[in-house]
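Printed here is query04.cif (mmCIF, C-alpha atoms and all ligand atoms):
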```cif
data_my_file
loop_
_atom_site.label_atom_id
_atom_site.label_comp_id
_atom_site.auth_asym_id
_atom_site.auth_seq_id
_atom_site.Cartn_x
_atom_site.Cartn_y
_atom_site.Cartn_z
CA MET A 1 -29.32 9.28 -15.75
CA ARG A 2 -31.72 7.59 -18.15
CA LEU A 3 -34.63 9.11 -19.98
CA LEU A 4 -37.47 7.44 -21.81
CA LEU A 5 -38.27 9.13 -25.13
CA VAL A 6 -41.68 8.22 -26.53
CA ALA A 7 -41.79 9.21 -30.20
CA ALA A 8 -43.98 8.30 -33.14
CA THR A 9 -41.27 8.77 -35.68
CA THR A 10 -37.59 8.14 -35.92
CA GLY A 11 -37.25 11.22 -38.12
CA TYR A 12 -35.59 14.58 -37.63
CA GLN A 13 -36.88 15.54 -34.25
CA THR A 14 -36.04 12.24 -32.62
CA ARG A 15 -32.50 12.47 -33.97
CA GLU A 16 -32.12 16.00 -32.61
CA PHE A 17 -33.14 14.71 -29.18
CA ALA A 18 -30.72 11.80 -29.48
CA GLN A 19 -27.90 14.20 -30.28
CA ALA A 20 -28.81 16.50 -27.41
CA ALA A 21 -28.87 13.52 -25.03
CA ALA A 22 -25.47 12.39 -26.27
CA ARG A 23 -24.07 15.88 -25.62
CA LEU A 24 -25.49 15.81 -22.10
CA GLY A 25 -24.16 12.32 -21.48
CA VAL A 26 -27.65 11.02 -20.80
CA GLU A 27 -28.84 7.61 -21.90
CA LEU A 28 -31.98 7.92 -23.97
CA VAL A 29 -34.21 4.88 -24.49
CA LEU A 30 -36.64 5.19 -27.37
CA ALA A 31 -40.14 3.74 -27.36
CA THR A 32 -41.75 3.94 -30.79
CA ASP A 33 -44.21 2.29 -33.14
CA ARG A 34 -41.83 2.68 -36.06
CA CYS A 35 -39.06 0.29 -35.12
CA GLU A 36 -38.93 -1.25 -38.53
CA HIS A 37 -37.95 2.03 -40.15
CA LEU A 38 -34.45 2.32 -41.45
CA ASP A 39 -33.48 5.61 -39.92
CA ASP A 40 -33.89 4.33 -36.36
CA PRO A 41 -30.90 6.01 -34.74
CA TRP A 42 -30.69 3.35 -32.03
CA GLY A 43 -30.66 0.29 -34.24
CA ASP A 44 -32.35 -2.46 -32.27
CA GLY A 45 -32.22 -0.51 -29.03
CA ALA A 46 -35.74 0.84 -29.35
CA ILE A 47 -38.77 -0.56 -27.54
CA ALA A 48 -41.59 -1.46 -29.92
CA VAL A 49 -44.97 -0.19 -28.71
CA ARG A 50 -48.40 0.48 -30.14
CA PHE A 51 -49.72 3.86 -29.09
CA GLU A 52 -53.30 2.75 -29.58
CA ALA A 53 -52.76 0.02 -26.94
CA PRO A 54 -50.90 1.96 -24.23
CA HIS A 55 -51.69 -0.46 -21.39
CA ASP A 56 -50.13 -3.34 -23.33
CA ALA A 57 -46.95 -1.31 -23.74
CA LEU A 58 -46.42 -0.74 -20.02
CA PRO A 59 -44.68 -4.04 -19.16
CA SER A 60 -41.96 -3.56 -21.77
CA LEU A 61 -41.38 0.02 -20.67
CA GLU A 62 -41.15 -1.09 -17.05
CA ALA A 63 -38.74 -3.83 -17.97
CA ALA A 64 -36.49 -1.27 -19.68
CA GLY A 65 -36.46 1.01 -16.62
CA PRO A 66 -35.78 2.52 -14.21
CA PHE A 67 -35.88 5.99 -15.77
CA THR A 68 -35.15 9.42 -14.34
CA GLY A 69 -37.79 11.08 -16.53
CA VAL A 70 -40.01 10.90 -19.59
CA VAL A 71 -40.19 12.96 -22.80
CA ALA A 72 -42.91 12.59 -25.45
CA LEU A 73 -42.73 13.91 -29.01
CA GLY A 74 -45.82 14.29 -31.17
CA ASP A 75 -49.46 14.06 -30.17
CA ARG A 76 -50.10 10.33 -30.28
CA THR A 77 -47.33 9.53 -27.83
CA THR A 78 -48.34 11.67 -24.89
CA PHE A 79 -50.92 9.33 -23.43
CA LEU A 80 -48.52 6.41 -23.15
CA ALA A 81 -45.86 8.73 -21.71
CA ALA A 82 -48.32 10.05 -19.12
CA LEU A 83 -49.58 6.57 -18.25
CA PHE A 84 -46.08 5.27 -17.76
CA ALA A 85 -44.95 8.33 -15.82
CA GLY A 86 -47.98 8.03 -13.52
CA GLN A 87 -47.18 4.42 -12.81
CA ALA A 88 -43.44 4.93 -12.36
CA GLY A 89 -43.94 7.99 -10.15
CA LEU A 90 -42.16 10.32 -12.59
CA PRO A 91 -43.26 13.93 -13.00
CA PHE A 92 -45.25 14.44 -16.22
CA HIS A 93 -48.63 15.74 -17.36
CA SER A 94 -51.48 13.54 -16.09
CA THR A 95 -53.34 11.13 -18.37
CA PRO A 96 -56.66 13.05 -18.23
CA ALA A 97 -54.80 16.25 -19.14
CA VAL A 98 -52.99 14.80 -22.16
CA GLU A 99 -56.14 13.01 -23.24
CA ALA A 100 -57.96 16.35 -23.32
CA ALA A 101 -55.06 18.16 -24.98
CA ARG A 102 -54.74 15.71 -27.83
CA SER A 103 -58.41 15.85 -28.70
CA LYS A 104 -59.62 18.91 -30.62
CA PHE A 105 -63.06 18.25 -29.14
CA LEU A 106 -62.28 17.43 -25.50
CA SER A 107 -59.91 20.36 -25.21
CA LYS A 108 -62.54 22.76 -26.47
CA GLU A 109 -65.03 21.30 -23.99
CA ARG A 110 -62.57 21.97 -21.18
CA PHE A 111 -61.94 25.51 -22.42
CA ARG A 112 -65.67 26.13 -22.61
CA ALA A 113 -66.21 24.81 -19.07
CA ALA A 114 -63.51 27.22 -17.88
CA GLY A 115 -65.19 30.11 -19.70
CA LEU A 116 -62.23 30.75 -22.02
CA ARG A 117 -62.48 32.69 -25.27
CA GLN A 118 -62.48 30.26 -28.16
CA PRO A 119 -64.33 29.51 -31.41
CA ALA A 120 -67.82 27.98 -31.30
CA PHE A 121 -67.45 24.28 -32.10
CA GLN A 122 -69.33 21.08 -32.80
CA ARG A 123 -68.41 17.76 -34.31
CA PHE A 124 -70.05 15.50 -36.84
CA PRO A 125 -69.48 11.83 -37.70
CA ALA A 126 -67.38 11.73 -40.89
CA GLY A 127 -69.98 9.42 -42.41
CA MET A 128 -72.80 11.91 -41.96
CA ALA A 129 -74.58 13.55 -44.91
CA PRO A 130 -72.70 16.86 -45.26
CA ASP A 131 -75.70 18.88 -46.46
CA GLU A 132 -77.45 17.96 -43.23
CA ALA A 133 -74.46 19.05 -41.15
CA ALA A 134 -74.27 22.30 -43.16
CA ARG A 135 -77.64 23.40 -41.77
CA SER A 136 -76.40 23.84 -38.23
CA VAL A 137 -73.02 25.51 -38.72
CA PRO A 138 -72.08 29.21 -38.73
CA PHE A 139 -70.31 30.77 -41.75
CA PRO A 140 -67.50 31.32 -42.27
CA CYS A 141 -66.38 28.18 -40.48
CA VAL A 142 -63.38 25.87 -40.36
CA LEU A 143 -63.67 22.11 -40.87
CA LYS A 144 -60.99 19.88 -39.41
CA PRO A 145 -60.49 16.16 -39.10
CA MET A 146 -60.11 15.15 -35.47
CA ALA A 147 -57.49 12.60 -36.41
CA LEU A 148 -54.86 14.78 -38.05
CA SER A 149 -52.42 17.49 -37.10
CA GLY A 150 -50.17 20.06 -38.71
CA SER A 151 -53.16 21.78 -40.36
CA ARG A 152 -53.65 18.73 -42.54
CA GLY A 153 -57.22 18.56 -43.78
CA VAL A 154 -58.14 21.90 -42.17
CA ILE A 155 -60.37 23.86 -44.59
CA ARG A 156 -62.36 27.08 -44.34
CA ALA A 157 -65.89 27.14 -45.78
CA ASP A 158 -67.82 30.33 -46.46
CA ASP A 159 -71.14 28.82 -47.49
CA ALA A 160 -73.10 25.57 -47.59
CA ALA A 161 -71.74 24.51 -50.99
CA GLY A 162 -68.15 25.03 -49.83
CA PHE A 163 -68.94 23.19 -46.61
CA VAL A 164 -70.31 20.15 -48.42
CA SER A 165 -67.33 19.81 -50.75
CA SER A 166 -64.82 20.37 -47.92
CA PHE A 167 -66.59 17.83 -45.73
CA ARG A 168 -66.40 15.24 -48.52
CA ARG A 169 -62.76 16.04 -49.13
CA ILE A 170 -61.88 15.51 -45.47
CA ALA A 171 -63.93 12.31 -45.28
CA GLY A 172 -61.91 11.10 -48.30
CA LEU A 173 -58.66 11.98 -46.56
CA LEU A 174 -59.72 9.91 -43.54
CA GLU A 175 -59.96 6.88 -45.83
CA ASP A 176 -56.16 6.94 -46.16
CA PRO A 177 -54.92 3.49 -45.01
CA ASP A 178 -52.32 5.05 -42.70
CA ILE A 179 -55.00 6.94 -40.84
CA ARG A 180 -57.50 4.09 -40.80
CA ARG A 181 -54.92 1.76 -39.32
CA ARG A 182 -54.83 3.80 -36.11
CA LYS A 183 -58.35 2.70 -35.18
CA ASP A 184 -58.78 5.76 -33.02
CA GLU A 185 -62.35 6.54 -32.12
CA GLN A 186 -61.62 10.22 -32.58
CA ASP A 187 -60.69 9.65 -36.19
CA GLN A 188 -64.34 9.18 -37.07
CA PHE A 189 -65.27 12.83 -36.57
CA ILE A 190 -64.98 16.11 -38.39
CA GLN A 191 -64.98 19.15 -36.12
CA VAL A 192 -66.48 22.41 -37.31
CA GLU A 193 -65.59 25.72 -35.66
CA SER A 194 -66.54 29.32 -36.25
CA PHE A 195 -63.76 31.01 -38.22
CA ILE A 196 -61.86 33.45 -36.00
CA PRO A 197 -60.25 36.24 -38.03
CA GLY A 198 -57.03 37.77 -36.77
CA ARG A 199 -53.31 37.32 -36.33
CA GLU A 200 -51.94 34.02 -35.23
CA PHE A 201 -49.24 33.20 -32.71
CA ALA A 202 -47.50 30.02 -31.59
CA ILE A 203 -46.39 29.77 -28.00
CA GLU A 204 -43.72 27.40 -26.77
CA GLY A 205 -43.84 26.72 -23.06
CA LEU A 206 -42.76 24.45 -20.28
CA MET A 207 -44.89 23.44 -17.31
CA THR A 208 -43.20 22.70 -13.98
CA ASN A 209 -45.42 21.43 -11.19
CA GLY A 210 -48.38 23.33 -12.64
CA ARG A 211 -46.51 26.57 -13.40
CA LEU A 212 -46.18 27.83 -16.97
CA LYS A 213 -42.91 29.23 -18.23
CA VAL A 214 -43.18 30.80 -21.67
CA LEU A 215 -40.07 29.94 -23.66
CA ALA A 216 -40.95 31.78 -26.88
CA ILE A 217 -43.80 33.52 -28.66
CA PHE A 218 -43.72 33.26 -32.44
CA ASP A 219 -45.50 35.66 -34.78
CA LYS A 220 -46.93 34.02 -37.88
CA PRO A 221 -46.61 37.01 -40.20
CA ASP A 222 -48.28 35.45 -43.25
CA PRO A 223 -52.07 35.81 -43.18
CA LEU A 224 -53.79 32.54 -42.32
CA ASP A 225 -57.25 33.23 -43.68
CA GLY A 226 -57.78 29.99 -45.55
CA PRO A 227 -59.15 28.18 -47.38
CA TYR A 228 -56.11 26.14 -46.23
CA PHE A 229 -53.85 26.89 -43.31
CA GLU A 230 -50.41 25.81 -44.34
CA GLU A 231 -47.79 27.04 -41.91
CA THR A 232 -44.99 29.09 -43.39
CA ILE A 233 -43.02 31.64 -41.38
CA TYR A 234 -42.54 31.74 -37.61
CA VAL A 235 -40.57 34.66 -36.15
CA THR A 236 -39.62 35.33 -32.56
CA PRO A 237 -39.65 37.54 -30.49
CA SER A 238 -43.14 38.72 -31.19
CA ARG A 239 -43.64 42.25 -32.48
CA HIS A 240 -47.06 42.45 -30.84
CA ARG A 241 -48.43 42.85 -27.36
CA THR A 242 -48.14 39.46 -25.76
CA GLU A 243 -49.73 39.84 -22.30
CA GLU A 244 -53.14 38.76 -23.52
CA ILE A 245 -51.67 35.80 -25.40
CA VAL A 246 -49.73 34.56 -22.39
CA ALA A 247 -52.78 35.00 -20.14
CA ALA A 248 -54.92 32.95 -22.54
CA VAL A 249 -52.36 30.13 -22.65
CA ALA A 250 -51.98 30.17 -18.85
CA ARG A 251 -55.74 29.81 -18.44
CA GLY A 252 -55.80 27.12 -21.12
CA VAL A 253 -53.15 24.90 -19.55
CA THR A 254 -54.97 25.18 -16.23
CA ALA A 255 -58.29 24.26 -17.85
CA LEU A 256 -56.69 21.17 -19.40
CA GLY A 257 -54.77 20.32 -16.23
CA LEU A 258 -51.41 20.18 -18.00
CA SER A 259 -48.86 20.25 -15.21
CA HIS A 260 -45.39 19.05 -16.11
CA GLY A 261 -43.57 18.99 -19.41
CA PRO A 262 -43.54 20.90 -22.71
CA VAL A 263 -46.62 22.64 -24.12
CA HIS A 264 -47.17 24.18 -27.55
CA ALA A 265 -50.13 26.49 -28.12
CA GLU A 266 -51.77 28.26 -31.06
CA VAL A 267 -53.62 31.50 -30.34
CA ARG A 268 -55.48 33.95 -32.58
CA VAL A 269 -55.85 37.58 -31.64
CA ASN A 270 -58.30 40.19 -32.91
CA SER A 271 -60.00 43.25 -31.45
CA ASP A 272 -62.16 41.02 -29.22
CA GLY A 273 -59.10 39.52 -27.55
CA ALA A 274 -57.04 36.32 -27.63
CA TYR A 275 -58.74 33.11 -28.76
CA LEU A 276 -57.23 29.75 -27.84
CA LEU A 277 -57.08 27.42 -30.83
CA GLU A 278 -55.21 24.55 -29.25
CA ILE A 279 -52.65 23.53 -26.67
CA ALA A 280 -50.62 20.39 -27.25
CA ALA A 281 -48.70 18.56 -24.52
CA ARG A 282 -45.47 18.42 -26.51
CA PRO A 283 -42.68 20.63 -27.84
CA ILE A 284 -42.86 22.36 -31.23
CA GLY A 285 -42.53 19.77 -34.00
CA GLY A 286 -40.20 19.01 -36.87
CA LEU A 287 -37.02 20.99 -37.13
CA CYS A 288 -38.64 24.26 -36.01
CA ALA A 289 -37.02 23.99 -32.60
CA ARG A 290 -33.75 24.97 -34.27
CA ALA A 291 -35.06 28.53 -34.29
CA LEU A 292 -34.76 28.54 -30.50
CA ARG A 293 -31.62 28.95 -28.45
CA PHE A 294 -31.35 29.59 -24.73
CA ASN A 295 -28.67 30.93 -22.39
CA GLY A 296 -25.93 31.30 -24.96
CA GLY A 297 -26.57 28.30 -27.16
CA ILE A 298 -28.63 25.67 -25.35
CA SER A 299 -31.09 24.03 -27.75
CA LEU A 300 -34.77 23.46 -26.99
CA GLU A 301 -34.11 19.72 -27.04
CA GLU A 302 -31.42 20.07 -24.40
CA LEU A 303 -33.67 22.29 -22.31
CA VAL A 304 -36.51 19.77 -22.48
CA LEU A 305 -34.20 16.89 -21.59
CA ARG A 306 -32.72 18.77 -18.64
CA HIS A 307 -36.19 19.61 -17.42
CA ALA A 308 -37.21 15.95 -17.70
CA LEU A 309 -34.15 15.04 -15.63
CA GLY A 310 -35.47 17.28 -12.86
CA GLU A 311 -33.10 20.21 -13.35
CA ASP A 312 -34.36 23.69 -12.48
CA VAL A 313 -34.53 25.47 -15.84
CA SER A 314 -36.65 28.39 -14.67
CA ALA A 315 -33.83 30.89 -15.21
CA MET A 316 -33.21 29.89 -18.83
CA GLU A 317 -34.07 32.60 -21.32
CA ARG A 318 -34.19 32.72 -25.07
CA GLU A 319 -31.22 34.50 -26.66
CA PRO A 320 -31.55 38.26 -27.34
CA ALA A 321 -31.33 37.86 -31.16
CA ALA A 322 -34.43 37.48 -33.29
CA SER A 323 -34.84 34.25 -35.19
CA GLY A 324 -37.14 32.73 -37.70
CA VAL A 325 -38.01 29.53 -39.46
CA MET A 326 -39.88 28.98 -42.67
CA MET A 327 -41.55 25.69 -43.37
CA ILE A 328 -41.05 25.64 -47.13
CA PRO A 329 -44.38 24.93 -48.79
CA VAL A 330 -44.82 22.44 -51.61
CA PRO A 331 -44.98 24.75 -54.67
CA LYS A 332 -46.89 22.25 -56.78
CA ALA A 333 -48.01 18.66 -56.56
CA GLY A 334 -45.86 16.07 -58.32
CA VAL A 335 -42.66 14.12 -58.08
CA TYR A 336 -39.78 15.97 -56.45
CA ARG A 337 -36.70 16.02 -58.67
CA GLY A 338 -34.50 18.60 -57.02
CA VAL A 339 -34.01 22.23 -56.06
CA ALA A 340 -31.63 24.93 -57.27
CA GLY A 341 -30.54 28.03 -55.41
CA VAL A 342 -29.85 26.39 -52.05
CA GLU A 343 -26.23 27.56 -51.89
CA GLU A 344 -27.16 31.12 -52.84
CA ALA A 345 -29.90 31.12 -50.23
CA ARG A 346 -27.49 29.81 -47.61
CA ARG A 347 -25.04 32.64 -48.32
CA LEU A 348 -27.60 35.38 -47.68
CA PRO A 349 -26.94 37.51 -44.61
CA GLY A 350 -29.11 36.34 -41.74
CA ILE A 351 -29.68 32.89 -43.16
CA GLU A 352 -28.30 30.22 -40.84
CA ASP A 353 -29.31 27.11 -42.64
CA VAL A 354 -31.32 25.65 -45.48
CA VAL A 355 -32.53 22.10 -44.97
CA ILE A 356 -34.24 20.35 -47.85
CA SER A 357 -36.18 17.40 -46.54
CA ALA A 358 -37.91 16.33 -49.77
CA LYS A 359 -36.30 13.22 -51.22
CA GLN A 360 -35.69 12.64 -54.91
CA GLY A 361 -38.61 10.74 -56.38
CA GLN A 362 -40.91 11.62 -53.47
CA LEU A 363 -44.50 12.29 -54.40
CA LEU A 364 -45.37 15.73 -53.03
CA LYS A 365 -48.94 16.70 -52.24
CA MET A 366 -50.38 20.16 -51.77
CA PHE A 367 -52.42 21.35 -48.82
CA PRO A 368 -54.82 20.38 -47.41
CA GLU A 369 -53.85 16.80 -48.23
CA ALA A 370 -50.13 17.43 -47.73
CA SER A 371 -48.46 16.00 -44.67
CA SER A 372 -44.99 17.42 -45.16
CA TYR A 373 -43.03 20.45 -46.29
CA THR A 374 -40.18 20.47 -48.78
CA GLY A 375 -37.78 21.74 -46.16
CA PHE A 376 -36.90 24.48 -43.68
CA LEU A 377 -35.13 27.83 -43.82
CA PHE A 378 -33.59 29.26 -40.65
CA SER A 379 -32.63 32.86 -39.97
CA ARG A 380 -31.10 34.90 -37.16
CA ALA A 381 -30.85 38.69 -37.09
CA ALA A 382 -30.87 41.70 -34.80
CA THR A 383 -34.60 42.31 -35.31
CA PRO A 384 -37.64 40.17 -36.13
CA GLU A 385 -38.17 42.27 -39.27
CA ALA A 386 -34.70 41.36 -40.54
CA ALA A 387 -35.15 37.69 -39.59
CA GLU A 388 -38.40 37.57 -41.54
CA ALA A 389 -36.99 39.44 -44.55
CA ALA A 390 -34.05 37.04 -44.77
CA LEU A 391 -36.43 34.07 -44.92
CA ARG A 392 -38.47 35.66 -47.69
CA GLU A 393 -35.38 36.55 -49.68
CA ALA A 394 -33.94 33.06 -49.31
CA HIS A 395 -37.22 31.45 -50.29
CA ALA A 396 -37.35 33.57 -53.45
CA LEU A 397 -34.00 32.10 -54.51
CA LEU A 398 -35.17 28.47 -54.38
CA ARG A 399 -36.28 26.94 -57.67
CA PHE A 400 -37.98 23.60 -57.26
CA ASP A 401 -38.03 21.01 -60.00
CA ILE A 402 -41.21 19.01 -59.61
CA ALA A 403 -42.48 16.70 -62.33
CA VAL A 404 -46.20 16.50 -62.76
CA GLU A 405 -47.23 12.93 -62.20
CA LEU A 406 -49.74 11.44 -64.56
CA MET A 407 -49.96 7.85 -63.48
CA ARG A 408 -50.65 7.87 -59.76
CA LYS A 409 -53.42 9.81 -58.13
P1 LIG B 1 -53.88 21.06 -36.40
O1 LIG B 1 -53.87 20.35 -35.10
O2 LIG B 1 -54.09 20.18 -37.58
O3 LIG B 1 -52.74 22.00 -36.57
P2 LIG B 1 -55.55 23.30 -35.73
O4 LIG B 1 -56.83 23.20 -35.02
O5 LIG B 1 -54.37 23.83 -34.97
O6 LIG B 1 -55.23 21.89 -36.37
O7 LIG B 1 -55.74 24.19 -37.01
C1 LIG B 1 -54.69 24.44 -37.92
C2 LIG B 1 -54.72 25.90 -38.34
O8 LIG B 1 -55.98 26.20 -38.94
C3 LIG B 1 -54.56 26.88 -37.20
O9 LIG B 1 -53.21 27.10 -36.90
C4 LIG B 1 -55.25 28.10 -37.78
O10 LIG B 1 -54.41 28.82 -38.67
C5 LIG B 1 -56.38 27.50 -38.59
N1 LIG B 1 -57.61 27.42 -37.77
C6 LIG B 1 -58.03 26.35 -37.07
N2 LIG B 1 -59.17 26.60 -36.43
C7 LIG B 1 -59.51 27.88 -36.72
C8 LIG B 1 -60.60 28.74 -36.38
N3 LIG B 1 -61.60 28.31 -35.60
N4 LIG B 1 -60.60 30.00 -36.87
C9 LIG B 1 -59.60 30.42 -37.68
N5 LIG B 1 -58.57 29.67 -38.05
C10 LIG B 1 -58.50 28.41 -37.58
#
```

Output the file's structure in the form of structure tokens.
Amino acid sequence: MRLLLVAATTGYQTREFAQAAARLGVELVLATDRCEHLDDPWGDGAIAVRFEAPHDALPSLEAAGPFTGVVALGDRTTFLAALFAGQAGLPFHSTPAVEAARSKFLSKERFRAAGLRQPAFQRFPAGMAPDEAARSVPFPCVLKPMALSGSRGVIRADDAAGFVSSFRRIAGLLEDPDIRRRKDEQDQFIQVESFIPGREFAIEGLMTNGRLKVLAIFDKPDPLDGPYFEETIYVTPSRHRTEEIVAAVARGVTALGLSHGPVHAEVRVNSDGAYLLEIAARPIGGLCARALRFNGGISLEELVLRHALGEDVSAMEREPAASGVMMIPVPKAGVYRGVAGVEEARRLPGIEDVVISAKQGQLLKMFPEASSYTGFLFSRAATPEAAEAALREAHALLRFDIAVELMRK
């Protein structure tokens, strides 16, 4: 039993998968573009690949095989995983499907062709004069860089002046050397969509031979009205009617052609109905998966690995308890020095864990430039209300020490 794990980072999520594989007694071979990083849990066991040159990576993946299945973490990895799976005859989403899913533009084109409810959208070259672009967009609207994820660089604009400054800000963000290095054609565009008011939900699902199984529906109880869209609290089970949400996701995965493997969707709901924002061909990111437990303690990672091994997981259900996760926002920009109150927060009823991921000396940025959170809070309780309240109470106990930095920009 050997699985290929294609992952862009050797961070938290990859380690969680490595641990789950070890528990299952499955050999996991990592293919990543970050082999030089110190926290590579496999030492020199990883296969070095470049996601922007997937065809070049195939021979080394083949040489490392055979594999029983493939798992991809993050958005940039899915194409290589799909390409390899297609060639090796392993079940996984197809390359056209993951290509559409990972593009904010292509996916919306597919949704439009299928007649699905979604925001109006268009894209502009990042080098374009923003005042010219501003003439053809609706207000309020949302500007987003095609190249980024995790709400990074996503900004709401209510008028032409706001649009122009947001456009410039995103174009500046795209100048970041880390982003430029990727040389992705998509990275050259800024997408503009009509702003959809309403409540937002995240849906975690698993496709098996074209059939969607919903694993969890998260409420996002904090309003996400902009101008930035930093994620904070996710709570499951949902306290709202979910039929419409599930139906929208089911239509969306069909429109994209996603067929086998994890999917993660974002949906907004208002009195007009459920609007698809995006569907990614991957599991929920970061440490958020810790909020999910199935059949008496099975983690999402274990579930995904078992599915990739070909096991029938259709009967697995999320535990009856409510659970929540809070992605702890950066309270102010500067150099992270430490945090007080973690132990008190951890002792609160309902709080399962407090994980601080910020490192001493790390330069923290605020949204929309930020690419990370300071950490995660996890709760479990009898009801979603209690799970949410525990997160808010715990967050209120944390006191961050962040030094304002004067030298660097
Ligand atoms: P990313 O891939 O960076 O997460 P998304 O397209 O998912 O980008 O947008 C991030 C967040 O921005 C969404 O979760 C949502 O809160 C908000 N958002 C994005 N597009 C819209 C829209 N058209 N209307 C309202 N909110 C939006």

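In this structure, atom N4 of ligand LIG 1 (chain B) sits 28.5 Å away from CA of Ala386 in chain A.
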
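Between CA of Gly89 in chain A and CA of Leu3 in chain A lies a distance of 13.6 Å.
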
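Shortest separation to Ala265 in chain A among A:Gly11, A:Pro54, A:Pro349, A:Pro283 occurs at residue A:Pro283, atoms counted being all atoms listed in the file.
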
What gap, in Å, lies between CA of Gly285 in chain A and CA of Gly115 in chain A?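 Spanning CA of Gly285 in chain A to CA of Gly115 in chain A is a straight-line distance of 28.7 Å.
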
What residues have an atom no more than 9 Å from (-46.1, 10.8, -14.9) in the file's own frame, counting all atoms listed in the file, and can you write them as a list of chain:residue names? A:Gly69, A:Val70, A:Ala81, A:Ala82, A:Leu83, A:Phe84, A:Ala85, A:Gly86, A:Gln87, A:Ala88, A:Gly89, A:Leu90, A:Pro91, A:Phe92, A:His93, A:Ser94, A:Thr95, A:His260

How would you write, as JSON, numbers by chain, the set of residues no farther than 6 Å from ligand LIG 1 (chain B) when counting all atoms listed in the file? {"A": [119, 142, 148, 149, 150, 151, 152, 154, 193, 194, 195, 196, 197, 224, 229, 277, 278]}

Selection: 10 Å around Ala396 in chain A, only C-alpha atoms, excl. self and same-chain fewer than 5 positions, as a ChimeraX atom specification: /A:341,345,390-391

Choose the residue, out of A:Leu309, A:Ile170, A:Arg117, A:Asp401, that has the smallest atom-to-atom separation from Ala247 in chain A; count only C-alpha atoms. A:Arg117

Identify which of the residues A:Ala133, A:Ala289, A:Leu305, A:Ala358 lies closest to Val339 in chain A, counting all atoms listed in the file when measuring atom-to-atom distances.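 Among A:Ala133, A:Ala289, A:Leu305, A:Ala358, it is A:Ala358 that comes nearest to Val339 in chain A.
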
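For the choices A:Ala216, A:Ala160, A:Ala120, A:Leu173, the atom-to-atom distance to Glu132 in chain A is smallest for A:Ala160 when using only C-alpha atoms.
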
Surrounding residues of Glu16 in chain A excluding itself and chain neighbours under 5 positions, 10 Å, only C-alpha atoms, as a PyMOL selection string: chain A and resi 11+21-22+286-287+289-290+299-302

Taking the point (-34.1, 37.1, -51.2) as given in the file, collect each protein or nucleic acid residue that comes within 12 Å of it, counting all atoms listed in the file, and present the set as a ChimeraX atom specification. /A:341-342,344-351,377,386-398

When distances are computed from only C-alpha atoms, which of A:Val304, A:Ile356, A:Val235, A:Leu276 shows the smallest separation from Ser323 in chain A?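 For Ser323 in chain A, the nearest of the given residues is A:Val235.
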
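Among the candidates A:Ser60, A:Ile279, A:Asp187, A:Phe163, the one nearest to Gly257 in chain A when counting all atoms listed in the file is A:Ile279.
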
To box range 314-327 of chain A, take all atoms listed in the file, fit an axis-aligned box, add 5 Å on each side, and give centre and edge lengths in Å to one decimal, as AutoDock Vina command-line options.
```
--center_x -36.4 --center_y 32.0 --center_z -29.0 --size_x 20.3 --size_y 22.6 --size_z 38.7
```

Write out as a PyMOL selection string the residues lying within 12 Å of Ser259 in chain A, counting all atoms listed in the file and excluding same-chain residues fewer than 4 positions away. chain A and resi 82+91-98+101+205-213+250+252-255+263+281-282

With only C-alpha atoms as the counted atoms, please give the residues lying no more than 7 Å from Arg199 in chain A, apart from itself and same-chain residues fewer than 4 positions off, as a PyMOL selection string. chain A and resi 268-270

C-alpha atoms of the current selection, written as a PDB file, in the frame of the given file:
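selection12.pdb, freshly written:
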```pdb
ATOM      1  CA  ARG A 268     -55.480  33.950 -32.580  1.00  0.00           C
ATOM      2  CA  VAL A 269     -55.850  37.580 -31.640  1.00  0.00           C
ATOM      3  CA  ASN A 270     -58.300  40.190 -32.910  1.00  0.00           C
TER       4      ASN A 270
END
```

Residue neighbourhood Tyr336 in chain A, 12 Å, all atoms listed in the file, exclusion window fewer than 5 positions, as a list in words: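 After dropping sequence-adjacent residues, the list is Val330, Pro331, Ile356, Ser357, Ala358, Lys359, Gln360, Gly361, Gln362, Leu363, Leu364, Lys365, Tyr373, Thr374, Gly375, Arg399, Phe400, Asp401, Ile402, Ala403, Val404 and Glu405 of chain A.
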